[in-house]
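Here is the file my_file.txt (compact mmCIF, C-alpha atoms and all ligand atoms).
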```txt
# COMPACT_ATOMS: atom_id res chain seq x y z
CA MET Y 813 158.81 108.34 92.75
CA SER Y 814 159.16 110.01 89.36
CA LEU Y 815 156.34 109.09 87.04
CA LEU Y 816 158.23 110.42 84.02
CA ARG Y 817 161.95 110.86 83.63
CA ALA Y 818 163.34 112.27 80.38
CA GLU Y 819 167.14 112.02 80.30
CA SER Y 820 169.33 114.10 77.98
CA LEU Y 821 166.86 114.01 75.10
CA SER Y 822 168.02 115.35 71.74
CA ARG Y 823 166.39 115.63 68.36
CA ARG Y 824 168.02 116.79 65.18
CA PHE Y 825 166.15 118.01 62.08
CA GLY Y 826 168.86 118.16 59.39
CA GLY Y 827 171.29 120.82 60.59
CA LEU Y 828 169.03 122.03 63.43
CA LEU Y 829 169.35 120.59 66.93
CA ALA Y 830 165.75 121.36 67.98
CA VAL Y 831 166.16 119.63 71.38
CA ASP Y 832 169.66 119.50 72.80
CA GLY Y 833 170.27 117.24 75.80
CA ALA Y 834 167.09 118.24 77.67
CA SER Y 835 166.16 116.43 80.89
CA LEU Y 836 163.07 116.75 83.06
CA GLU Y 837 161.07 114.80 85.62
CA VAL Y 838 157.42 114.71 86.56
CA PRO Y 839 156.84 113.40 90.08
CA GLU Y 840 153.68 111.48 90.86
CA GLY Y 841 150.94 114.05 91.56
CA GLY Y 842 152.97 116.91 90.05
CA LEU Y 843 151.67 119.76 87.91
CA ILE Y 844 154.76 120.81 86.02
CA GLY Y 845 155.13 123.60 83.47
CA LEU Y 846 157.32 123.66 80.37
CA ILE Y 847 157.86 127.20 79.12
CA GLY Y 848 160.20 128.92 76.69
CA PRO Y 849 160.20 131.33 73.76
CA ASN Y 850 158.70 130.42 70.37
CA GLY Y 851 160.73 127.77 68.58
CA ALA Y 852 162.50 126.70 71.79
CA GLY Y 853 161.73 123.02 71.12
CA LYS Y 854 158.85 122.45 73.57
CA THR Y 855 156.51 120.67 71.15
CA THR Y 856 159.39 118.60 69.82
CA LEU Y 857 160.27 117.57 73.39
CA PHE Y 858 156.62 116.54 73.94
CA ALA Y 859 156.74 114.46 70.77
CA LEU Y 860 159.88 112.70 72.07
CA VAL Y 861 158.28 112.04 75.47
CA SER Y 862 155.03 110.71 73.96
CA GLY Y 863 156.72 108.66 71.21
CA PHE Y 864 155.49 110.60 68.16
CA LEU Y 865 159.14 111.31 67.29
CA ALA Y 866 162.21 109.14 67.92
CA PRO Y 867 165.04 110.90 69.76
CA SER Y 868 168.48 111.35 68.20
CA GLY Y 869 169.82 110.72 71.72
CA GLY Y 870 168.65 110.24 75.30
CA ARG Y 871 166.08 108.11 77.08
CA VAL Y 872 162.48 108.27 78.36
CA HIS Y 873 161.43 106.37 81.48
CA PHE Y 874 157.76 106.10 82.40
CA LEU Y 875 156.59 104.29 85.55
CA GLY Y 876 160.15 103.03 85.98
CA GLU Y 877 160.15 101.40 82.53
CA ASP Y 878 162.39 102.44 79.65
CA VAL Y 879 159.87 103.39 76.94
CA THR Y 880 162.31 105.16 74.59
CA ARG Y 881 161.59 102.73 71.74
CA GLU Y 882 157.90 102.21 72.50
CA PRO Y 883 155.34 103.58 70.01
CA PRO Y 884 152.72 106.16 71.13
CA HIS Y 885 149.90 103.59 71.48
CA ARG Y 886 151.99 101.51 73.91
CA ARG Y 887 152.77 104.62 75.98
CA ALA Y 888 149.03 105.47 75.92
CA ALA Y 889 148.22 101.96 77.15
CA LEU Y 890 150.72 102.43 80.00
CA GLY Y 891 148.95 105.67 80.98
CA MET Y 892 150.38 108.59 79.00
CA ALA Y 893 148.05 110.90 77.04
CA ARG Y 894 148.76 114.09 75.15
CA THR Y 895 146.80 116.93 73.60
CA PHE Y 896 147.86 118.69 70.43
CA GLN Y 897 148.52 122.39 69.95
CA ILE Y 898 146.46 122.34 66.75
CA VAL Y 899 143.13 120.89 67.81
CA GLN Y 900 141.67 118.51 65.25
CA PRO Y 901 138.50 116.82 66.46
CA PHE Y 902 136.58 114.46 64.16
CA ALA Y 903 134.41 117.29 62.86
CA GLY Y 904 131.64 115.06 61.50
CA LEU Y 905 131.20 113.26 64.83
CA SER Y 906 129.35 114.44 67.93
CA VAL Y 907 131.16 115.55 71.07
CA ARG Y 908 130.18 112.21 72.70
CA GLU Y 909 131.57 110.15 69.82
CA ASN Y 910 134.81 112.15 69.80
CA ILE Y 911 135.37 111.43 73.48
CA LEU Y 912 134.37 107.78 72.97
CA VAL Y 913 137.39 107.32 70.68
CA GLY Y 914 139.58 107.84 73.76
CA ALA Y 915 137.35 105.83 76.12
CA TYR Y 916 137.51 102.69 73.93
CA LEU Y 917 141.21 102.33 74.82
CA ARG Y 918 140.27 100.82 78.20
CA HIS Y 919 136.59 99.99 77.68
CA PRO Y 920 135.93 97.93 74.56
CA GLY Y 921 132.22 97.56 75.49
CA ARG Y 922 130.14 100.51 74.22
CA GLU Y 923 127.99 100.93 77.32
CA GLU Y 924 130.95 101.32 79.69
CA ALA Y 925 132.83 103.51 77.20
CA VAL Y 926 129.79 105.83 76.94
CA ARG Y 927 129.62 106.04 80.73
CA VAL Y 928 133.30 107.07 80.92
CA ALA Y 929 132.95 109.55 78.02
CA GLU Y 930 129.96 111.24 79.64
CA ALA Y 931 131.71 111.49 83.03
CA VAL Y 932 134.75 113.07 81.38
CA ALA Y 933 132.53 115.49 79.42
CA THR Y 934 130.94 116.62 82.68
CA GLU Y 935 134.37 117.02 84.28
CA VAL Y 936 135.55 119.42 81.56
CA GLY Y 937 132.24 121.29 81.31
CA LEU Y 938 131.02 119.74 78.03
CA GLY Y 939 128.11 117.83 79.60
CA PRO Y 940 125.42 119.95 77.91
CA MET Y 941 127.15 119.69 74.50
CA LEU Y 942 127.43 115.89 74.23
CA ASP Y 943 125.03 115.65 71.26
CA GLN Y 944 126.44 118.62 69.35
CA GLN Y 945 128.63 118.16 66.29
CA ALA Y 946 132.27 118.82 67.23
CA SER Y 947 132.45 121.26 64.29
CA ALA Y 948 129.84 123.46 66.02
CA LEU Y 949 132.02 124.04 69.11
CA THR Y 950 133.72 127.38 69.80
CA VAL Y 951 137.54 127.51 70.10
CA ALA Y 952 137.20 127.19 73.89
CA GLY Y 953 134.84 124.22 73.41
CA ARG Y 954 137.30 122.51 71.07
CA LYS Y 955 140.08 122.97 73.62
CA ARG Y 956 137.90 121.32 76.25
CA LEU Y 957 137.11 118.52 73.81
CA GLU Y 958 140.82 117.96 73.19
CA LEU Y 959 141.30 117.71 76.96
CA ALA Y 960 138.34 115.32 77.26
CA ARG Y 961 139.59 113.00 74.50
CA ALA Y 962 142.94 112.64 76.29
CA LEU Y 963 141.30 112.21 79.72
CA ALA Y 964 138.98 109.50 78.40
CA THR Y 965 142.02 107.23 77.98
CA GLU Y 966 142.30 107.39 81.81
CA PRO Y 967 145.92 108.54 81.89
CA LYS Y 968 148.29 108.67 84.82
CA LEU Y 969 150.21 111.44 83.03
CA LEU Y 970 148.57 114.11 80.90
CA LEU Y 971 150.74 116.14 78.50
CA LEU Y 972 148.98 119.41 77.64
CA ASP Y 973 150.34 121.32 74.64
CA GLU Y 974 149.14 124.93 74.91
CA VAL Y 975 145.63 124.02 75.90
CA LEU Y 976 144.93 127.68 76.74
CA ALA Y 977 146.23 129.22 73.50
CA GLY Y 978 143.59 131.23 71.65
CA LEU Y 979 141.33 131.61 74.69
CA ASN Y 980 140.27 135.01 75.99
CA PRO Y 981 141.10 135.98 79.61
CA SER Y 982 137.71 134.93 80.99
CA GLU Y 983 137.90 131.54 79.21
CA VAL Y 984 141.40 131.08 80.69
CA ARG Y 985 140.05 131.89 84.16
CA ASP Y 986 137.26 129.33 83.68
CA ILE Y 987 139.51 126.45 82.63
CA ILE Y 988 142.24 126.88 85.28
CA PRO Y 989 140.12 125.22 88.03
CA VAL Y 990 139.26 122.35 85.65
CA ILE Y 991 142.97 121.60 85.15
CA ARG Y 992 143.66 121.90 88.88
CA ALA Y 993 140.82 119.50 89.68
CA ILE Y 994 142.19 116.91 87.23
CA ARG Y 995 145.51 116.99 89.09
CA ASP Y 996 143.75 116.91 92.47
CA ARG Y 997 142.08 113.62 91.55
CA GLY Y 998 145.49 112.06 90.93
CA VAL Y 999 146.41 112.69 87.29
CA SER Y 1000 149.93 114.14 87.00
CA ILE Y 1001 150.30 116.91 84.42
CA LEU Y 1002 153.10 118.31 82.29
CA MET Y 1003 151.93 121.44 80.46
CA ILE Y 1004 153.47 123.58 77.75
CA GLU Y 1005 152.05 127.04 78.29
CA HIS Y 1006 152.61 130.60 77.16
CA VAL Y 1007 149.83 132.04 79.35
CA MET Y 1008 151.91 133.05 82.36
CA GLN Y 1009 148.85 133.70 84.53
CA ALA Y 1010 148.05 129.99 84.25
CA VAL Y 1011 151.65 128.89 84.83
CA MET Y 1012 151.91 131.04 87.96
CA ASN Y 1013 148.52 129.86 89.24
CA LEU Y 1014 148.81 126.18 88.52
CA CYS Y 1015 152.35 124.87 88.37
CA ASP Y 1016 154.38 123.59 91.35
CA HIS Y 1017 157.52 123.57 89.28
CA VAL Y 1018 158.55 124.97 85.90
CA HIS Y 1019 161.22 123.96 83.36
CA VAL Y 1020 162.46 126.54 80.88
CA LEU Y 1021 163.64 125.51 77.43
CA ALA Y 1022 165.52 127.93 75.15
CA SER Y 1023 167.14 126.96 71.84
CA GLY Y 1024 166.59 123.29 72.70
CA ARG Y 1025 168.33 123.44 76.08
CA MET Y 1026 166.95 123.47 79.61
CA ILE Y 1027 168.19 126.77 80.99
CA ALA Y 1028 166.36 126.92 84.32
CA SER Y 1029 164.01 124.98 86.53
CA GLY Y 1030 162.28 125.71 89.85
CA PRO Y 1031 159.14 127.23 91.39
CA PRO Y 1032 157.35 129.59 88.92
CA ARG Y 1033 158.12 132.79 90.83
CA GLU Y 1034 161.84 131.99 91.06
CA VAL Y 1035 162.13 130.93 87.45
CA THR Y 1036 160.40 134.01 86.00
CA ALA Y 1037 162.76 136.26 87.99
CA ASP Y 1038 165.85 134.37 86.76
CA PRO Y 1039 168.00 136.68 84.57
CA ARG Y 1040 168.77 133.77 82.18
CA VAL Y 1041 165.05 133.29 81.59
CA ILE Y 1042 164.39 137.03 81.10
CA GLU Y 1043 167.24 137.16 78.58
CA ALA Y 1044 165.92 134.13 76.70
CA TYR Y 1045 162.52 135.77 76.27
CA LEU Y 1046 163.53 139.40 75.80
CA GLY Y 1047 167.05 139.25 74.38
CA HIS Y 1048 170.61 139.82 75.51
CA GLY Y 1049 170.99 142.59 78.12
CA ALA Y 1050 167.26 142.63 78.99
CA ALA Y 1051 167.72 141.47 82.59
CA ALA Y 1052 170.22 144.29 83.28
CA ARG Y 1053 167.93 146.90 81.60
CA ILE Y 1054 164.95 145.77 83.69
CA ALA Y 1055 167.00 145.85 86.90
CA ALA Y 1056 168.29 149.36 86.03
CA GLN Y 1057 164.74 150.60 85.30
CA GLY Y 1058 163.58 149.11 88.60
CA ALA Y 1059 166.36 150.94 90.49
CA GLU Y 1060 165.53 154.20 88.65
CA GLY Y 1061 161.81 153.78 89.45
CA GLY Y 1062 162.75 153.16 93.08
CA ALA Y 1063 164.87 156.34 93.17
CA HIS Y 1064 161.96 158.41 91.81
CA ALA Y 1065 159.46 156.92 94.24
N1 LIG Y 1101 159.40 118.33 61.62
C1 LIG Y 1101 160.28 119.32 61.66
N2 LIG Y 1101 161.21 119.47 60.68
C2 LIG Y 1101 162.12 120.47 60.73
N3 LIG Y 1101 162.20 121.38 61.72
C3 LIG Y 1101 161.31 121.29 62.72
C4 LIG Y 1101 160.30 120.26 62.74
N4 LIG Y 1101 159.55 120.41 63.88
C5 LIG Y 1101 160.06 121.49 64.51
N5 LIG Y 1101 161.09 122.01 63.82
C6 LIG Y 1101 161.92 123.16 64.23
O1 LIG Y 1101 162.42 122.87 65.52
C7 LIG Y 1101 162.45 124.04 66.34
C8 LIG Y 1101 161.62 123.81 67.59
O2 LIG Y 1101 160.25 123.76 67.23
P1 LIG Y 1101 159.10 123.45 68.30
O3 LIG Y 1101 157.80 123.49 67.55
O4 LIG Y 1101 159.42 122.23 69.04
O5 LIG Y 1101 159.22 124.72 69.26
P2 LIG Y 1101 158.19 125.24 70.37
O6 LIG Y 1101 159.01 125.63 71.55
O7 LIG Y 1101 157.11 124.24 70.57
O8 LIG Y 1101 157.62 126.55 69.66
P3 LIG Y 1101 156.19 127.30 69.84
O9 LIG Y 1101 156.16 127.86 71.22
O10 LIG Y 1101 156.27 128.37 68.80
O11 LIG Y 1101 155.12 126.27 69.59
C9 LIG Y 1101 161.92 125.17 65.45
O12 LIG Y 1101 163.03 125.85 64.90
C10 LIG Y 1101 161.14 124.45 64.39
O13 LIG Y 1101 161.10 125.20 63.20
```
Could you write out this file's structure as structure tokens?
Ligand SMILES: Nc1ncnc2c1ncn2[C@@H]1O[C@H](COP(=O)(O)OP(=O)(O)OP(=O)(O)O)[C@@H](O)[C@H]1O
Amino acid sequence: MSLLRAESLSRRFGGLLAVDGASLEVPEGGLIGLIGPNGAGKTTLFALVSGFLAPSGGRVHFLGEDVTREPPHRRAALGMARTFQIVQPFAGLSVRENILVGAYLRHPGREEAVRVAEAVATEVGLGPMLDQQASALTVAGRKRLELARALATEPKLLLLDEVLAGLNPSEVRDIIPVIRAIRDRGVSILMIEHVMQAVMNLCDHVHVLASGRMIASGPPREVTADPRVIEAYLGHGAAARIAAQGAEGGAHA
């Protein structure tokens, strides 16, 4: 069964159609990528799915329920959590207290909420930093904290908005198994990602958005070889140029 089904979503900002009839599905247990060039509409699509923006058209179904008009907190209560591209922890609070904010959604009692927050911190590798001020974390630490705050709400679906942006290659390598393990324990994931190494390594299926429209969808290796996708990233004629260079290279070999 599809956990999430977004149908023909659109969002207009004045004269700009930022998302234009985009559809996607996340099956239960899926780890699905959403890629596309800068300004393609990926973050806007996430905001439509999670309820932070109202669509100009289209519908969102979650767990078989039409949630198109539901506010973000209702979607969170149903089991949808998102991270933000620009990470903004409560800087004056400790790592534990930041994660607790998420844990209180399902555990109003402090003792149980602390237990959940600490388990989540361990899962994302922040166990030793629980007493630190969030403001003292490195960029990689803040990214993990963002992940932990969303996980503490015990979601069925996790929406990750560029959780790897700003990390160096070794930090990316370290966090990939953490994301895979979250999926392996039953949390379905939809991730916006520019780091192709992560997309290729993690995702079962990838959707490609360009100028607000879904232009391709399929397994990562197929999608990244699709001429429409190459053109969307590198410009008109790029797919033909790359193919010609490949043939030339082959002739010289
Ligand atoms: N609140 C807004 N008001 C007006 N225009 C907006 C607003 N939010 C986004 N846009 C525009 O909508 C388009 C899509 O933006 P969006 O941030 O969704 O793209 P993106 O694919 O997430 O880009 P990136 O990969 O650079 O984060 C852009 O042209 C952007 O300038």
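Environment of (137.4, 112.1, 67.0): residues at most 12 Å away, judged by all atoms listed in the file, are Y:Val899, Y:Gln900, Y:Pro901, Y:Phe902, Y:Ala903, Y:Gly904, Y:Leu905, Y:Ser906, Y:Val907, Y:Arg908, Y:Glu909, Y:Asn910, Y:Ile911, Y:Leu912, Y:Val913, Y:Gly914, Y:Ala915, Y:Tyr916, Y:Gln945, Y:Ala946, Y:Ser947, Y:Arg954, Y:Leu957, Y:Glu958, Y:Ala960, Y:Arg961, Y:Ala962, Y:Ala964.
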| task | Quick one: everything within 10 Å of Y:Pro1031, counting all atoms listed in the file, minus sequence neighbours fewer than 6 positions away in the same chain. Send it as a PyMOL selection string. | result | chain Y and resi 844-845+1012+1015-1019
### Message
So that I can check the surroundings of Y:Pro883, please list as a list in words every protein, DNA and RNA residue that reaches within 9 Å of it, counting only C-alpha atoms and ignoring chain neighbours fewer than 4 positions away.
### Response
Ser862, Gly863, Phe864, Val879, Arg887 and Ala888 of chain Y
Students should find that atom CA of Y:Asn850 and atom CA of Y:Met1003 are spaced 15.1 Å
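Interatomic distance, atom CA of Y:Arg823 against atom CA of Y:His885: 20.7 Å.
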Practice prompt. Could you please extract the residues within 6 Å of ligand LIG 1101 (chain Y), counting all atoms listed in the file, and hand them back as a PyMOL selection string?
Written response: chain Y and resi 825+830+849-856
Across Y:Ile1054, Y:Leu917, Y:Val1011, Y:Ile1004, the smallest distance to Y:Val1035, with only C-alpha atoms counted, is shown by Y:Val1011
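Nearest residue to Y:Ile988, choosing from Y:Arg956, Y:Arg918, Y:Arg894, Y:Arg1053 and counting all atoms listed in the file: Y:Arg956.
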Problem set entry | Long-range neighbours of Y:Gln1009 as number ranges by chain, 12 Å cut-off, only C-alpha atoms, 5 positions minimum in chain | Y: 845, 976, 981-982, 984-985, 987-988, 1014-1015, 1032-1033, 1036
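Closest approach to Y:Ser814 from the set Y:Leu969, Y:Ala931, Y:Glu882, Y:Leu857 is made by Y:Leu969, with distances taken over only C-alpha atoms.
If you look at atom CA of Y:Glu983 and atom CA of Y:Ile1042, they are 27.1 Å away from each other.
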Of Y:Leu821, Y:Ala929, Y:Leu860, Y:Val975, the one sitting nearest Y:Gly833 when using all atoms listed in the file is Y:Leu821
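Minimum distance to Y:Leu963 across Y:Ala893, Y:Leu843, Y:Val1007, Y:Ser1000 (counting only C-alpha atoms) occurs at Y:Ala893.
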Of Y:Glu877, Y:Phe896, Y:Val1020, Y:Ile994, the one sitting nearest Y:Asp973 when using only C-alpha atoms is Y:Phe896
Cut-off 7 Å around (160.3, 132.6, 77.8) with all atoms listed in the file: residues as a ChimeraX atom specification
/Y:847-849,1041-1042,1044-1045
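Omitting Y:Gly841 and its sequence neighbours fewer than 4 positions away, and counting all atoms listed in the file, the residues within 10 Å are Met813, Ser814, Leu815, Lys968, Leu969, Arg995, Asp996, Arg997, Gly998, Val999, Ser1000 and Ile1001 of chain Y.
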